[in-house]
file upload_29.txt (compact mmCIF, C-alpha atoms and all ligand atoms)
# COMPACT_ATOMS: atom_id res chain seq x y z
CA MET A 83 -0.02 -2.67 -21.87
CA ARG A 84 1.44 0.85 -22.10
CA LEU A 85 1.77 1.25 -18.33
CA LEU A 86 3.97 -1.84 -18.06
CA VAL A 87 6.45 -0.48 -20.60
CA THR A 88 6.72 2.74 -18.58
CA LEU A 89 7.17 0.81 -15.32
CA ARG A 90 10.01 -1.30 -16.78
CA GLN A 91 11.69 1.89 -17.99
CA ARG A 92 11.37 3.31 -14.48
CA GLY A 93 13.09 0.35 -12.84
CA VAL A 94 10.21 -1.94 -11.87
CA THR A 95 11.50 -5.26 -13.25
CA ASP A 96 10.29 -7.97 -10.83
CA ALA A 97 8.21 -10.35 -12.97
CA ARG A 98 5.73 -11.29 -10.23
CA VAL A 99 5.12 -7.64 -9.36
CA LEU A 100 4.64 -6.67 -13.02
CA THR A 101 2.17 -9.54 -13.49
CA ALA A 102 0.18 -8.44 -10.42
CA ILE A 103 0.07 -4.89 -11.79
CA GLU A 104 -0.99 -6.16 -15.20
CA ARG A 105 -3.87 -8.07 -13.59
CA THR A 106 -5.11 -4.96 -11.75
CA ASP A 107 -7.13 -2.52 -13.87
CA ARG A 108 -6.26 0.88 -12.35
CA ALA A 109 -9.30 2.47 -14.04
CA ALA A 110 -11.45 0.56 -11.52
CA PHE A 111 -9.95 2.69 -8.73
CA VAL A 112 -10.47 6.21 -10.12
CA SER A 113 -13.58 8.22 -10.90
CA GLU A 114 -14.96 8.61 -14.43
CA THR A 115 -13.29 12.04 -14.64
CA PHE A 116 -9.79 10.54 -14.45
CA ALA A 117 -10.41 7.24 -16.27
CA ALA A 118 -8.53 8.41 -19.38
CA ARG A 119 -5.40 8.98 -17.30
CA ALA A 120 -5.62 5.76 -15.31
CA TYR A 121 -2.72 4.17 -17.23
CA ASP A 122 -0.38 7.15 -16.90
CA ASP A 123 2.37 6.87 -14.31
CA VAL A 124 1.01 9.69 -12.17
CA PRO A 125 -0.87 9.99 -8.88
CA LEU A 126 -4.49 11.08 -9.39
CA PRO A 127 -7.13 12.65 -7.12
CA ILE A 128 -9.64 10.34 -5.42
CA ALA A 129 -12.49 11.10 -2.98
CA SER A 130 -12.00 12.66 0.47
CA GLY A 131 -9.19 14.89 -0.85
CA GLN A 132 -6.75 11.97 -1.12
CA THR A 133 -4.74 10.49 -4.02
CA ILE A 134 -4.24 7.13 -5.68
CA SER A 135 -0.52 6.34 -5.69
CA GLN A 136 1.73 6.61 -8.72
CA PRO A 137 2.05 3.14 -10.30
CA SER A 138 5.88 3.17 -10.37
CA VAL A 139 5.91 3.93 -6.62
CA VAL A 140 3.41 1.11 -6.04
CA GLY A 141 5.71 -1.14 -8.09
CA GLN A 142 8.83 -0.17 -6.16
CA MET A 143 7.19 -0.53 -2.76
CA THR A 144 5.66 -3.88 -3.70
CA THR A 145 9.04 -5.12 -4.95
CA ALA A 146 10.74 -4.02 -1.71
CA LEU A 147 8.09 -5.81 0.36
CA ASN A 148 8.94 -9.14 -1.36
CA VAL A 149 5.55 -10.73 -0.59
CA GLN A 150 5.38 -14.54 -0.51
CA PRO A 151 2.32 -16.59 -1.55
CA ARG A 152 1.47 -17.76 2.00
CA ASP A 153 1.79 -14.28 3.53
CA LYS A 154 -0.76 -12.38 5.58
CA VAL A 155 -0.26 -8.72 4.72
CA LEU A 156 -1.43 -5.51 6.38
CA GLU A 157 -1.67 -2.27 4.42
CA VAL A 158 -2.20 1.05 6.19
CA GLY A 159 -3.86 3.73 4.00
CA THR A 160 -6.20 1.96 1.56
CA GLY A 161 -7.28 4.96 -0.50
CA THR A 162 -9.53 3.39 -3.17
CA GLY A 163 -7.77 0.04 -2.84
CA TYR A 164 -5.36 -0.11 -5.80
CA GLN A 165 -2.24 -1.18 -3.88
CA ALA A 166 -4.28 -3.67 -1.85
CA ALA A 167 -5.59 -5.24 -5.08
CA ILE A 168 -2.03 -5.72 -6.34
CA LEU A 169 -0.98 -7.25 -3.00
CA SER A 170 -3.98 -9.61 -3.17
CA HIS A 171 -2.48 -11.28 -6.27
CA LEU A 172 0.79 -11.95 -4.42
CA ALA A 173 -0.35 -12.85 -0.89
CA ARG A 174 -2.71 -15.32 0.76
CA ARG A 175 -4.63 -12.64 2.68
CA VAL A 176 -4.65 -8.84 2.71
CA TYR A 177 -6.05 -6.60 5.43
CA THR A 178 -6.12 -2.88 4.65
CA VAL A 179 -7.08 -0.03 6.97
CA GLU A 180 -8.35 3.40 5.86
CA ARG A 181 -9.37 6.29 8.12
CA HIS A 182 -11.90 7.75 5.63
CA ARG A 183 -15.05 5.67 5.70
CA ALA A 184 -16.08 6.88 2.21
CA LEU A 185 -12.81 5.60 0.75
CA ALA A 186 -13.04 2.27 2.57
CA ARG A 187 -16.47 1.83 1.02
CA LEU A 188 -15.22 2.64 -2.50
CA ALA A 189 -12.34 0.20 -2.07
CA THR A 190 -14.64 -2.60 -0.90
CA GLU A 191 -16.87 -2.00 -3.93
CA ALA A 192 -13.96 -2.00 -6.39
CA HIS A 193 -12.54 -5.23 -4.93
CA GLY A 194 -16.00 -6.79 -5.16
CA ARG A 195 -16.40 -5.79 -8.82
CA LEU A 196 -12.99 -7.26 -9.64
CA GLY A 197 -13.79 -10.50 -7.79
CA LEU A 198 -10.93 -10.13 -5.29
CA THR A 199 -12.07 -12.19 -2.32
CA ASN A 200 -8.92 -12.32 -0.16
CA ILE A 201 -8.97 -8.62 0.87
CA THR A 202 -10.67 -7.16 3.92
CA VAL A 203 -11.03 -3.36 4.09
CA ILE A 204 -11.44 -1.88 7.56
CA THR A 205 -12.32 1.69 8.52
CA GLY A 206 -10.01 2.74 11.33
CA ASP A 207 -6.83 4.44 12.41
CA GLY A 208 -4.23 2.16 10.86
CA SER A 209 -1.36 3.51 12.91
CA TYR A 210 -2.60 1.15 15.62
CA GLY A 211 -2.54 -1.75 13.17
CA LEU A 212 -5.00 -4.60 13.54
CA PRO A 213 -4.12 -6.42 16.77
CA GLU A 214 -6.85 -9.04 16.32
CA GLN A 215 -5.25 -10.25 13.05
CA ALA A 216 -1.60 -9.91 14.10
CA PRO A 217 1.09 -11.01 13.57
CA PHE A 218 1.61 -10.06 9.92
CA ASP A 219 4.30 -11.38 7.59
CA ARG A 220 4.41 -8.08 5.75
CA ILE A 221 3.19 -4.55 6.54
CA LEU A 222 3.02 -1.77 3.96
CA VAL A 223 2.35 1.78 5.10
CA THR A 224 1.21 4.10 2.31
CA ALA A 225 1.13 7.32 4.35
CA ALA A 226 4.15 9.10 5.80
CA ALA A 227 5.23 8.62 9.41
CA GLU A 228 7.89 10.52 11.34
CA ASP A 229 8.91 7.16 12.78
CA PRO A 230 7.62 3.66 12.07
CA PRO A 231 4.59 3.39 14.41
CA GLY A 232 5.27 1.25 17.50
CA PRO A 233 2.05 -0.79 17.30
CA LEU A 234 2.93 -1.79 13.72
CA LEU A 235 6.42 -2.89 14.74
CA ALA A 236 4.85 -4.98 17.50
CA GLN A 237 2.46 -6.65 15.02
CA LEU A 238 5.23 -7.79 12.66
CA ARG A 239 6.05 -11.50 12.75
CA VAL A 240 9.66 -12.44 13.55
CA GLY A 241 11.23 -12.84 10.09
CA GLY A 242 8.71 -10.40 8.63
CA SER A 243 9.24 -6.95 7.17
CA MET A 244 7.55 -3.59 6.89
CA VAL A 245 8.00 -0.87 4.26
CA VAL A 246 7.12 2.67 5.37
CA PRO A 247 7.76 6.20 4.06
CA VAL A 248 9.60 7.98 6.86
CA GLY A 249 9.95 11.73 7.12
CA VAL A 250 8.12 14.96 7.65
CA SER A 251 4.93 15.48 5.63
CA ASP A 252 4.99 18.14 2.90
CA HIS A 253 8.58 17.08 2.17
CA MET A 254 10.00 14.14 0.31
CA GLN A 255 10.18 11.10 2.56
CA GLN A 256 12.52 8.13 2.35
CA LEU A 257 11.28 4.58 2.03
CA VAL A 258 12.54 2.52 4.93
CA ILE A 259 12.40 -1.25 5.32
CA VAL A 260 12.21 -2.66 8.83
CA ARG A 261 12.95 -6.35 9.37
CA ARG A 262 12.02 -8.08 12.61
CA THR A 263 14.62 -10.53 13.87
CA GLU A 264 14.70 -12.82 16.92
CA SER A 265 16.55 -10.12 18.82
CA GLY A 266 15.00 -6.87 17.57
CA TYR A 267 14.56 -4.78 14.43
CA ASP A 268 16.90 -3.96 11.53
CA TYR A 269 16.32 -0.72 9.61
CA ASP A 270 17.46 -0.05 6.04
CA ASP A 271 17.02 3.05 3.96
CA LEU A 272 15.92 2.03 0.45
CA ASN A 273 17.25 5.28 -1.06
CA MET A 274 13.91 5.91 -2.71
CA PRO A 275 12.48 9.37 -2.20
CA VAL A 276 8.67 9.37 -2.19
CA ARG A 277 5.94 11.83 -1.34
CA PHE A 278 2.93 10.57 0.63
CA VAL A 279 0.23 12.31 2.62
CA PRO A 280 0.87 12.05 6.37
CA LEU A 281 -0.56 9.40 8.66
CA VAL A 282 -3.37 11.24 10.41
CA GLU A 283 -4.94 10.24 13.70
CA GLY A 284 -8.55 9.19 14.10
CA VAL A 285 -11.36 8.25 11.75
CA GLU A 286 -13.38 10.43 9.33
CA LEU A 287 -16.92 9.45 8.61
CA GLY A 288 -17.06 11.37 5.29
N1 LIG B 1 -2.62 2.94 -0.93
C1 LIG B 1 -3.39 3.87 -1.73
C2 LIG B 1 -2.95 5.31 -1.64
C3 LIG B 1 -2.98 5.84 -0.29
S1 LIG B 1 -2.97 7.58 -0.07
C4 LIG B 1 -3.45 3.41 -3.18
O1 LIG B 1 -3.35 2.22 -3.41
O2 LIG B 1 -3.61 4.24 -4.08
C5 LIG B 1 -2.87 7.52 1.70
C6 LIG B 1 -4.14 7.10 2.40
O3 LIG B 1 -3.83 6.94 3.76
C7 LIG B 1 -5.26 8.15 2.33
O4 LIG B 1 -6.40 7.58 1.80
C8 LIG B 1 -5.46 8.54 3.80
O5 LIG B 1 -6.81 8.81 4.13
C9 LIG B 1 -4.96 7.30 4.52
N2 LIG B 1 -4.55 7.50 5.91
C10 LIG B 1 -3.87 8.54 6.46
N3 LIG B 1 -3.67 8.33 7.77
C11 LIG B 1 -4.25 7.13 8.07
C12 LIG B 1 -4.39 6.36 9.28
N4 LIG B 1 -3.90 6.78 10.44
N5 LIG B 1 -5.04 5.18 9.20
C13 LIG B 1 -5.54 4.73 8.03
N6 LIG B 1 -5.45 5.41 6.86
C14 LIG B 1 -4.81 6.59 6.88

call {"tool": "encode", "arguments": {"input": "upload_29.txt", "output": "structure tokens"}}
result
Amino acid sequence: MRLLVTLRQRGVTDARVLTAIERTDRAAFVSETFAARAYDDVPLPIASGQTISQPSVVGQMTTALNVQPRDKVLEVGTGTGYQAAILSHLARRVYTVERHRALARLATEAHGRLGLTNITVITGDGSYGLPEQAPFDRILVTAAAEDPPGPLLAQLRVGGSMVVPVGVSDHMQQLVIVRRTESGYDYDDLNMPVRFVPLVEGVELG
């Protein structure tokens, strides 16, 4: 697959991550208009004025998250559900929260069509996490935060980790990995500049 060659060239080399990407048809997550570009390594427009992430960024973030087969994972910022679908091949269970109801619906439909049964899409403000399903082994935030949100830190299992783009919106952000230990939290900058839309408060019905 052409996309996989590009991803390897761009530094995504983890075999499990590449296999999960190979098993996830990105065309299922974009509209007809952009189907021809689904296998290019570029972000593309989706409904509600949002974007589907660039595959190499998805690959790098997924690699950094180091998901294990028994893991319960939370994603914040579903979009049309592409990243969640990739996580579903690596984890036991994926919960993903999206503030735009229209996008949450599209994601649920796409996962249904692809037969992915271990993902639950929830409409809500993901910066509060999902207390009723906590703790999570892994948390992936796919919208930019000025600081890792406190409720998400609290919902991380001891020994677990969270990857989050940190920085001011409209600028490049840095990917940060937060690991929860017995005594607190360790923060590491992954030295990967990314550009995500900001985490926005509240829910949109459109
Ligand atoms: N993960 C997606 C891309 C996400 S783009 C993919 O696989 O392609 C970022 C998404 O985060 C947008 O859809 C936006 O609506 C959503 N978002 C922004 N703030 C949010 C919040 N507080 N809670 C949940 N979703 C949020």

call {"tool": "residues_around", "arguments": {"input": "upload_29.txt", "residues": "region 86-100 of chain A", "least_positions_apart": "4", "cutoff": "12 Å", "atoms": "only C-alpha atoms", "output": "NGL selection string"}}
result
:A and (104-107 or 121-124 or 136-151 or 165 or 167-173 or 274)

call {"tool": "residues_near_ligand", "arguments": {"input": "upload_29.txt", "ligand": "ligand LIG 1 (chain B)", "cutoff": "6 Å", "atoms": "all atoms listed in the file", "output": "PDB file with C-alpha atoms, keeping the file's coordinate frame"}}
result
ATOM      1  CA  GLN A 132      -6.750  11.970  -1.120  1.00  0.00           C
ATOM      2  CA  THR A 133      -4.740  10.490  -4.020  1.00  0.00           C
ATOM      3  CA  ILE A 134      -4.240   7.130  -5.680  1.00  0.00           C
ATOM      4  CA  SER A 135      -0.520   6.340  -5.690  1.00  0.00           C
ATOM      5  CA  VAL A 158      -2.200   1.050   6.190  1.00  0.00           C
ATOM      6  CA  GLY A 159      -3.860   3.730   4.000  1.00  0.00           C
ATOM      7  CA  THR A 160      -6.200   1.960   1.560  1.00  0.00           C
ATOM      8  CA  GLY A 161      -7.280   4.960  -0.500  1.00  0.00           C
ATOM      9  CA  GLY A 163      -7.770   0.040  -2.840  1.00  0.00           C
ATOM     10  CA  TYR A 164      -5.360  -0.110  -5.800  1.00  0.00           C
ATOM     11  CA  GLN A 165      -2.240  -1.180  -3.880  1.00  0.00           C
ATOM     12  CA  VAL A 179      -7.080  -0.030   6.970  1.00  0.00           C
ATOM     13  CA  GLU A 180      -8.350   3.400   5.860  1.00  0.00           C
ATOM     14  CA  ARG A 181      -9.370   6.290   8.120  1.00  0.00           C
ATOM     15  CA  HIS A 182     -11.900   7.750   5.630  1.00  0.00           C
ATOM     16  CA  GLY A 206     -10.010   2.740  11.330  1.00  0.00           C
ATOM     17  CA  ASP A 207      -6.830   4.440  12.410  1.00  0.00           C
ATOM     18  CA  GLY A 208      -4.230   2.160  10.860  1.00  0.00           C
ATOM     19  CA  SER A 209      -1.360   3.510  12.910  1.00  0.00           C
ATOM     20  CA  THR A 224       1.210   4.100   2.310  1.00  0.00           C
ATOM     21  CA  ALA A 225       1.130   7.320   4.350  1.00  0.00           C
ATOM     22  CA  VAL A 279       0.230  12.310   2.620  1.00  0.00           C
ATOM     23  CA  PRO A 280       0.870  12.050   6.370  1.00  0.00           C
ATOM     24  CA  LEU A 281      -0.560   9.400   8.660  1.00  0.00           C
ATOM     25  CA  VAL A 282      -3.370  11.240  10.410  1.00  0.00           C
ATOM     26  CA  GLU A 283      -4.940  10.240  13.700  1.00  0.00           C
TER      27      GLU A 283
END

call {"tool": "atom_distance", "arguments": {"input": "upload_29.txt", "atom1": "CA of Pro127 (chain A)", "atom2": "CA of Ser113 (chain A)"}}
result
8.7 Å

call {"tool": "residues_around", "arguments": {"input": "upload_29.txt", "residues": "Ala109 (chain A)", "least_positions_apart": "4", "cutoff": "9 Å", "atoms": "all atoms listed in the file", "output": "PyMOL selection string"}}
result
chain A and resi 113-114+116-121

call {"tool": "closest_residue", "arguments": {"input": "upload_29.txt", "among": "A:Ala110, A:Leu156, A:Ala192, A:Val276", "to": "Pro217 (chain A)", "atoms": "only C-alpha atoms"}}
result
A:Leu156

call {"tool": "closest_residue", "arguments": {"input": "upload_29.txt", "among": "A:Thr115, A:Lys154, A:Arg174, A:Thr205", "to": "Gly284 (chain A)", "atoms": "all atoms listed in the file"}}
result
A:Thr205

call {"tool": "closest_residue", "arguments": {"input": "upload_29.txt", "among": "A:Thr178, A:Ser243, A:Thr202, A:Gln215", "to": "Glu157 (chain A)", "atoms": "only C-alpha atoms"}}
result
A:Thr178

call {"tool": "closest_residue", "arguments": {"input": "upload_29.txt", "among": "A:Asp219, A:Asp271, A:Glu228, A:Asp252", "to": "Arg175 (chain A)", "atoms": "only C-alpha atoms"}}
result
A:Asp219

call {"tool": "closest_residue", "arguments": {"input": "upload_29.txt", "among": "A:Ile103, A:Ala236, A:Ala189, A:Val155", "to": "Ala129 (chain A)", "atoms": "only C-alpha atoms"}}
result
A:Ala189

call {"tool": "residues_around", "arguments": {"input": "upload_29.txt", "residues": "Leu238 (chain A)", "least_positions_apart": "6", "cutoff": "12 Å", "atoms": "all atoms listed in the file", "output": "number ranges by chain"}}
result
A: 153-156, 211-213, 215-222, 230-232, 244-245, 260-264, 266-267

call {"tool": "write_last_selection", "arguments": {"input": "upload_29.txt", "atoms": "C-alpha atoms", "output": "short mmCIF file (atom, residue, chain, number, x, y, z; two decimals), in the coordinates of the input"}}
result
data_model
loop_
_atom_site.label_atom_id
_atom_site.label_comp_id
_atom_site.auth_asym_id
_atom_site.auth_seq_id
_atom_site.Cartn_x
_atom_site.Cartn_y
_atom_site.Cartn_z
CA ASP A 153 1.79 -14.28 3.53
CA LYS A 154 -0.76 -12.38 5.58
CA VAL A 155 -0.26 -8.72 4.72
CA LEU A 156 -1.43 -5.51 6.38
CA GLY A 211 -2.54 -1.75 13.17
CA LEU A 212 -5.00 -4.60 13.54
CA PRO A 213 -4.12 -6.42 16.77
CA GLN A 215 -5.25 -10.25 13.05
CA ALA A 216 -1.60 -9.91 14.10
CA PRO A 217 1.09 -11.01 13.57
CA PHE A 218 1.61 -10.06 9.92
CA ASP A 219 4.30 -11.38 7.59
CA ARG A 220 4.41 -8.08 5.75
CA ILE A 221 3.19 -4.55 6.54
CA LEU A 222 3.02 -1.77 3.96
CA PRO A 230 7.62 3.66 12.07
CA PRO A 231 4.59 3.39 14.41
CA GLY A 232 5.27 1.25 17.50
CA MET A 244 7.55 -3.59 6.89
CA VAL A 245 8.00 -0.87 4.26
CA VAL A 260 12.21 -2.66 8.83
CA ARG A 261 12.95 -6.35 9.37
CA ARG A 262 12.02 -8.08 12.61
CA THR A 263 14.62 -10.53 13.87
CA GLU A 264 14.70 -12.82 16.92
CA GLY A 266 15.00 -6.87 17.57
CA TYR A 267 14.56 -4.78 14.43
#

call {"tool": "residues_around", "arguments": {"input": "upload_29.txt", "residues": "Thr162 (chain A)", "least_positions_apart": "6", "cutoff": "6 Å", "atoms": "only C-alpha atoms", "output": "NGL selection string"}}
result
:A and (111 or 185 or 188-189)

call {"tool": "atom_distance", "arguments": {"input": "upload_29.txt", "atom1": "CA of Thr199 (chain A)", "atom2": "CA of Glu286 (chain A)"}}
result
25.5 Å

call {"tool": "atom_distance", "arguments": {"input": "upload_29.txt", "atom1": "CA of Val176 (chain A)", "atom2": "CA of Pro247 (chain A)"}}
result
19.5 Å

call {"tool": "closest_residue", "arguments": {"input": "upload_29.txt", "among": "A:Val246, A:Val240, A:Leu235, A:Ile204", "to": "Val223 (chain A)", "atoms": "only C-alpha atoms"}}
result
A:Val246
